[in-house]
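Below is structure.cif, which holds mmCIF, C-alpha atoms.
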```
data_query
#
loop_
_atom_site.label_atom_id
_atom_site.label_comp_id
_atom_site.auth_asym_id
_atom_site.auth_seq_id
_atom_site.Cartn_x
_atom_site.Cartn_y
_atom_site.Cartn_z
CA MET A 138 0.00 0.00 0.00
CA LEU A 139 2.78 2.41 0.86
CA LYS A 140 4.54 1.66 -2.43
CA THR A 141 1.53 2.76 -4.47
CA LEU A 142 0.85 5.91 -2.43
CA ALA A 143 4.38 7.27 -2.58
CA PRO A 144 4.51 7.67 -6.40
CA ILE A 145 1.01 9.16 -6.40
CA ALA A 146 1.95 11.68 -3.69
CA PHE A 147 5.13 12.65 -5.52
CA GLY A 148 3.28 12.95 -8.81
CA SER A 149 0.65 15.19 -7.17
CA LEU A 150 3.32 17.48 -5.75
CA LEU A 151 5.04 17.73 -9.12
CA THR A 152 1.73 18.59 -10.80
CA LEU A 153 0.98 21.29 -8.21
CA ALA A 154 4.41 22.82 -8.66
CA CYS A 155 3.98 22.95 -12.45
CA LEU A 156 0.51 24.50 -12.13
CA ALA A 157 1.86 27.14 -9.75
CA LEU A 158 4.52 28.15 -12.26
CA VAL A 159 2.06 28.29 -15.15
CA SER A 160 -0.62 30.14 -13.18
CA CYS A 161 1.77 32.97 -12.25
CA GLY A 162 1.99 33.87 -15.91
CA GLU A 163 5.65 34.76 -15.62
CA THR A 164 8.57 33.11 -17.22
CA VAL A 165 11.53 32.37 -15.07
CA GLU A 166 14.81 33.60 -16.52
CA ARG A 167 18.08 32.06 -15.62
CA ASP A 168 20.57 34.38 -13.90
CA ASP A 169 24.15 33.63 -14.99
CA SER A 170 25.75 36.60 -13.17
CA PRO A 171 28.38 35.71 -10.57
CA ALA A 172 27.21 35.33 -7.00
CA PRO A 173 27.94 38.29 -4.71
CA PRO A 174 31.02 37.90 -2.55
CA PRO A 175 30.40 36.47 0.91
CA PRO A 176 30.24 39.01 3.76
CA PRO A 177 33.56 39.59 5.54
CA ALA A 178 34.29 37.31 8.43
CA PHE A 179 33.17 38.65 11.81
CA GLU A 180 35.99 40.27 13.70
CA PRO A 181 35.21 41.13 17.31
CA GLU A 182 35.99 44.56 18.68
CA PRO A 183 39.27 44.71 20.60
CA ALA A 184 38.86 44.14 24.32
CA ALA A 185 38.17 47.21 26.47
CA GLU A 186 41.55 46.92 28.18
CA ALA A 187 43.33 47.62 24.88
CA ALA A 188 41.94 51.17 24.97
CA ILE A 189 43.80 52.00 28.19
CA GLU A 190 47.36 53.10 27.67
CA ILE A 191 49.65 52.14 30.55
CA PRO A 192 52.85 54.20 30.46
CA ASP A 193 56.16 52.50 31.10
CA LEU A 194 56.61 51.49 34.70
CA VAL A 195 58.99 53.75 36.55
CA PRO A 196 61.57 52.02 38.77
CA ALA A 197 60.95 53.38 42.25
CA GLY A 198 61.75 53.22 45.91
CA SER A 199 60.79 55.36 48.89
CA VAL A 200 62.41 58.50 47.41
CA GLU A 201 60.34 58.44 44.21
CA LEU A 202 57.22 57.49 46.15
CA LYS A 203 57.71 60.40 48.57
CA LYS A 204 58.07 62.79 45.63
CA ILE A 205 54.74 61.68 44.14
CA VAL A 206 53.05 61.92 47.55
CA ASP A 207 54.46 65.44 48.06
CA GLU A 208 53.11 66.47 44.65
CA SER A 209 49.68 65.18 45.72
CA ARG A 210 49.53 67.17 48.96
CA GLY A 211 45.92 68.05 49.79
CA LYS A 212 44.70 64.71 48.41
CA VAL A 213 44.52 61.24 49.90
CA VAL A 214 47.08 58.86 48.37
CA LEU A 215 46.50 55.10 48.42
CA VAL A 216 49.51 52.91 47.59
CA ASP A 217 48.86 49.27 46.65
CA PHE A 218 52.04 47.13 46.95
CA TRP A 219 51.61 43.99 44.84
CA ALA A 220 53.42 41.44 42.68
CA ASN A 221 52.53 39.11 39.82
CA TRP A 222 53.56 36.08 41.88
CA CYS A 223 51.27 37.14 44.79
CA ALA A 224 47.84 35.52 44.30
CA PRO A 225 46.06 37.54 47.05
CA CYS A 226 47.51 40.76 45.54
CA LYS A 227 46.14 39.96 42.10
CA LYS A 228 42.79 38.90 43.54
CA GLN A 229 42.33 42.23 45.36
CA PHE A 230 43.86 44.48 42.69
CA PRO A 231 40.58 44.97 40.74
CA HIS A 232 39.18 46.52 43.93
CA THR A 233 42.02 49.06 43.91
CA VAL A 234 41.08 49.96 40.32
CA ALA A 235 37.43 50.31 41.37
CA LEU A 236 38.40 52.61 44.27
CA HIS A 237 40.31 54.82 41.84
CA LYS A 238 37.31 55.08 39.51
CA LYS A 239 34.88 55.69 42.36
CA HIS A 240 36.87 58.27 44.36
CA ALA A 241 39.20 60.07 41.92
CA ASP A 242 36.85 63.07 41.89
CA ASP A 243 36.74 63.01 45.70
CA GLY A 244 40.50 63.58 45.95
CA LEU A 245 41.85 60.01 45.97
CA VAL A 246 45.14 59.39 44.17
CA VAL A 247 45.98 55.72 43.60
CA ILE A 248 49.49 54.41 43.06
CA SER A 249 50.45 50.81 42.43
CA LEU A 250 53.96 49.68 43.28
CA SER A 251 54.94 46.31 41.85
CA MET A 252 57.43 44.31 43.87
CA ASP A 253 58.21 42.20 40.79
CA SER A 254 61.74 42.13 39.50
CA PRO A 255 62.48 44.97 37.08
CA ASP A 256 63.35 42.14 34.67
CA ASP A 257 59.64 41.20 34.73
CA HIS A 258 58.65 44.70 33.66
CA ASP A 259 56.58 43.34 30.74
CA GLY A 260 54.69 40.85 32.93
CA ALA A 261 53.77 43.57 35.42
CA LYS A 262 52.74 45.97 32.67
CA ASP A 263 50.62 43.28 31.00
CA PHE A 264 48.77 42.65 34.27
CA LEU A 265 48.16 46.39 34.77
CA GLN A 266 46.89 46.69 31.19
CA LYS A 267 44.39 43.87 31.72
CA GLN A 268 43.19 45.45 34.96
CA GLY A 269 42.72 48.89 33.39
CA ALA A 270 45.05 50.48 35.95
CA ASP A 271 45.18 53.95 34.41
CA PHE A 272 46.86 55.60 37.39
CA VAL A 273 50.48 55.96 38.55
CA ASN A 274 52.21 52.57 38.34
CA LEU A 275 55.72 51.98 39.68
CA ILE A 276 58.02 48.97 39.91
CA SER A 277 60.49 48.40 42.74
CA HIS A 278 64.17 49.17 42.06
CA ASP A 279 65.22 45.89 43.65
CA GLY A 280 62.15 43.74 43.08
CA ASP A 281 61.30 41.39 45.93
CA ALA A 282 64.63 41.79 47.72
CA LYS A 283 64.61 42.36 51.49
CA ALA A 284 66.13 45.79 50.86
CA SER A 285 62.97 46.82 48.96
CA TYR A 286 60.68 45.88 51.83
CA LYS A 287 62.89 47.77 54.29
CA ASP A 288 63.17 50.83 52.05
CA LEU A 289 59.41 50.98 51.41
CA GLY A 290 58.46 50.18 55.02
CA ILE A 291 56.37 47.09 54.34
CA SER A 292 56.74 43.56 55.68
CA ALA A 293 54.62 41.36 53.38
CA LEU A 294 52.31 41.42 50.38
CA PRO A 295 49.66 42.49 49.72
CA ALA A 296 50.24 45.76 51.54
CA TYR A 297 48.39 49.07 51.52
CA VAL A 298 49.52 52.46 52.72
CA ILE A 299 47.50 55.67 52.85
CA PHE A 300 48.98 59.14 52.98
CA ASP A 301 46.43 61.60 54.35
CA ARG A 302 45.83 65.09 52.95
CA ALA A 303 48.72 66.43 55.05
CA GLY A 304 51.07 63.76 53.65
CA LYS A 305 51.23 61.68 56.85
CA ARG A 306 51.71 57.94 56.26
CA HIS A 307 49.26 55.35 57.68
CA ASP A 308 50.02 51.66 57.22
CA LEU A 309 46.78 49.75 56.76
CA THR A 310 46.63 46.33 58.40
CA SER A 311 43.93 43.86 59.30
CA GLY A 312 45.32 43.62 62.83
CA ASP A 313 46.35 40.02 62.18
CA PRO A 314 49.81 39.60 60.60
CA ASN A 315 48.65 36.35 58.97
CA LYS A 316 45.66 37.95 57.20
CA PRO A 317 45.77 40.56 54.48
CA LEU A 318 43.55 43.61 54.70
CA THR A 319 40.08 42.85 53.34
CA THR A 320 38.44 44.98 50.67
CA GLU A 321 35.83 46.07 53.25
CA GLU A 322 38.57 47.26 55.63
CA LEU A 323 40.24 49.07 52.75
CA ASP A 324 36.96 50.79 51.83
CA LEU A 325 36.51 51.99 55.43
CA ALA A 326 40.04 53.38 55.58
CA VAL A 327 39.69 55.22 52.27
CA ALA A 328 36.34 56.68 53.34
CA LYS A 329 37.80 57.76 56.70
CA TYR A 330 40.74 59.66 55.19
CA LEU A 331 38.68 61.19 52.40
CA ALA A 332 36.25 62.54 55.01
CA GLU A 333 39.01 64.30 56.98
#
```

Turn the structure described in the file into structure tokens.
Amino acid sequence: MLKTLAPIAFGSLLTLACLALVSCGETVERDDSPAPPPPPAFEPEPAAEAAIEIPDLVPAGSVELKKIVDESRGKVVLVDFWANWCAPCKKQFPHTVALHKKHADDGLVVISLSMDSPDDHDGAKDFLQKQGADFVNLISHDGDAKASYKDLGISALPAYVIFDRAGKRHDLTSGDPNKPLTTEELDLAVAKYLAE
């Protein structure tokens, strides 16, 4: 039964198609012109971080840092000491960028100081580029050497220091030497010194 219906159904469809062409009253002309070229392949826009230009990192120690702080007198200066090899530093760094964006108009100046080796200049700059760190970025003269920690007055990473509007230094700590400062504690400290 199926074998006899299939040819009939196909024949009926073919007849309907022919009738539709005839009933339109138009002749179909063949188009031999070349097909239009395919649309260009989709190329995504460059990532947002590519739009931010990070200047070359300046090798620095306490002398260079003090100069920048002195030039920012009347503002609150937050210094984020970090390194590419420091996982907690990299985890919290986006919060530093967010603080800069949120409080720059309130008088907050943000500085990052990488404790990476100056030989890893490109790695540090690449990280800053990806984070959109469009503020002052420095790299330690001596990298992660003990002399750097002593010179800059920090004992471990991550470390944060605030200089108030008068230029006085305040080391920010969680109160527990085994725990880094949380982002909430950092927010409170920034708000406190901006309010003064």

**Length of the CA of Ala197 in chain A to CA of Pro314 in chain A vector [Å]** = 25.5 Å

The PyMOL selection byres ((chain A and resi 275-291) around 6) applied to the shown file, residues as a PDB file with C-alpha atoms, in the coordinates of the input:
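The resulting expr_25.pdb:
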```
ATOM      1  CA  LEU A 194      56.610  51.490  34.700  1.00  0.00           C
ATOM      2  CA  VAL A 195      58.990  53.750  36.550  1.00  0.00           C
ATOM      3  CA  PRO A 196      61.570  52.020  38.770  1.00  0.00           C
ATOM      4  CA  ALA A 197      60.950  53.380  42.250  1.00  0.00           C
ATOM      5  CA  GLY A 198      61.750  53.220  45.910  1.00  0.00           C
ATOM      6  CA  SER A 199      60.790  55.360  48.890  1.00  0.00           C
ATOM      7  CA  LEU A 250      53.960  49.680  43.280  1.00  0.00           C
ATOM      8  CA  SER A 251      54.940  46.310  41.850  1.00  0.00           C
ATOM      9  CA  MET A 252      57.430  44.310  43.870  1.00  0.00           C
ATOM     10  CA  ASP A 253      58.210  42.200  40.790  1.00  0.00           C
ATOM     11  CA  SER A 254      61.740  42.130  39.500  1.00  0.00           C
ATOM     12  CA  ASN A 274      52.210  52.570  38.340  1.00  0.00           C
ATOM     13  CA  SER A 292      56.740  43.560  55.680  1.00  0.00           C
TER      14      SER A 292
END
```

**Item:** Gap from CA of Thr319 in chain A to CA of His307 in chain A - Å, one decimal
**Value:**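 Answer for the CA of Thr319 in chain A to CA of His307 in chain A separation: 16.1 Å.
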
Just so the selection is clear, what residues does the PyMOL selection byres ((chain A and resi 213-226) around 8) cover here, as a PDB file with C-alpha atoms, keeping the file's coordinate frame?
```pdb
ATOM      1  CA  VAL A 206      53.050  61.920  47.550  1.00  0.00           C
ATOM      2  CA  SER A 209      49.680  65.180  45.720  1.00  0.00           C
ATOM      3  CA  ARG A 210      49.530  67.170  48.960  1.00  0.00           C
ATOM      4  CA  GLY A 211      45.920  68.050  49.790  1.00  0.00           C
ATOM      5  CA  LYS A 212      44.700  64.710  48.410  1.00  0.00           C
ATOM      6  CA  LYS A 227      46.140  39.960  42.100  1.00  0.00           C
ATOM      7  CA  LYS A 228      42.790  38.900  43.540  1.00  0.00           C
ATOM      8  CA  GLN A 229      42.330  42.230  45.360  1.00  0.00           C
ATOM      9  CA  PHE A 230      43.860  44.480  42.690  1.00  0.00           C
ATOM     10  CA  THR A 233      42.020  49.060  43.910  1.00  0.00           C
ATOM     11  CA  GLY A 244      40.500  63.580  45.950  1.00  0.00           C
ATOM     12  CA  LEU A 245      41.850  60.010  45.970  1.00  0.00           C
ATOM     13  CA  VAL A 246      45.140  59.390  44.170  1.00  0.00           C
ATOM     14  CA  VAL A 247      45.980  55.720  43.600  1.00  0.00           C
ATOM     15  CA  ILE A 248      49.490  54.410  43.060  1.00  0.00           C
ATOM     16  CA  SER A 249      50.450  50.810  42.430  1.00  0.00           C
ATOM     17  CA  LEU A 250      53.960  49.680  43.280  1.00  0.00           C
ATOM     18  CA  SER A 251      54.940  46.310  41.850  1.00  0.00           C
ATOM     19  CA  MET A 252      57.430  44.310  43.870  1.00  0.00           C
ATOM     20  CA  ASP A 253      58.210  42.200  40.790  1.00  0.00           C
ATOM     21  CA  GLY A 260      54.690  40.850  32.930  1.00  0.00           C
ATOM     22  CA  ALA A 261      53.770  43.570  35.420  1.00  0.00           C
ATOM     23  CA  PHE A 264      48.770  42.650  34.270  1.00  0.00           C
ATOM     24  CA  LEU A 294      52.310  41.420  50.380  1.00  0.00           C
ATOM     25  CA  PRO A 295      49.660  42.490  49.720  1.00  0.00           C
ATOM     26  CA  ALA A 296      50.240  45.760  51.540  1.00  0.00           C
ATOM     27  CA  TYR A 297      48.390  49.070  51.520  1.00  0.00           C
ATOM     28  CA  VAL A 298      49.520  52.460  52.720  1.00  0.00           C
ATOM     29  CA  ILE A 299      47.500  55.670  52.850  1.00  0.00           C
ATOM     30  CA  PHE A 300      48.980  59.140  52.980  1.00  0.00           C
ATOM     31  CA  ASP A 301      46.430  61.600  54.350  1.00  0.00           C
ATOM     32  CA  ARG A 302      45.830  65.090  52.950  1.00  0.00           C
ATOM     33  CA  GLY A 304      51.070  63.760  53.650  1.00  0.00           C
ATOM     34  CA  VAL A 327      39.690  55.220  52.270  1.00  0.00           C
ATOM     35  CA  TYR A 330      40.740  59.660  55.190  1.00  0.00           C
ATOM     36  CA  LEU A 331      38.680  61.190  52.400  1.00  0.00           C
TER      37      LEU A 331
END
```

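Interatomic distance, CA of Asn315 in chain A to CA of Ala328 in chain A: 24.4 Å.
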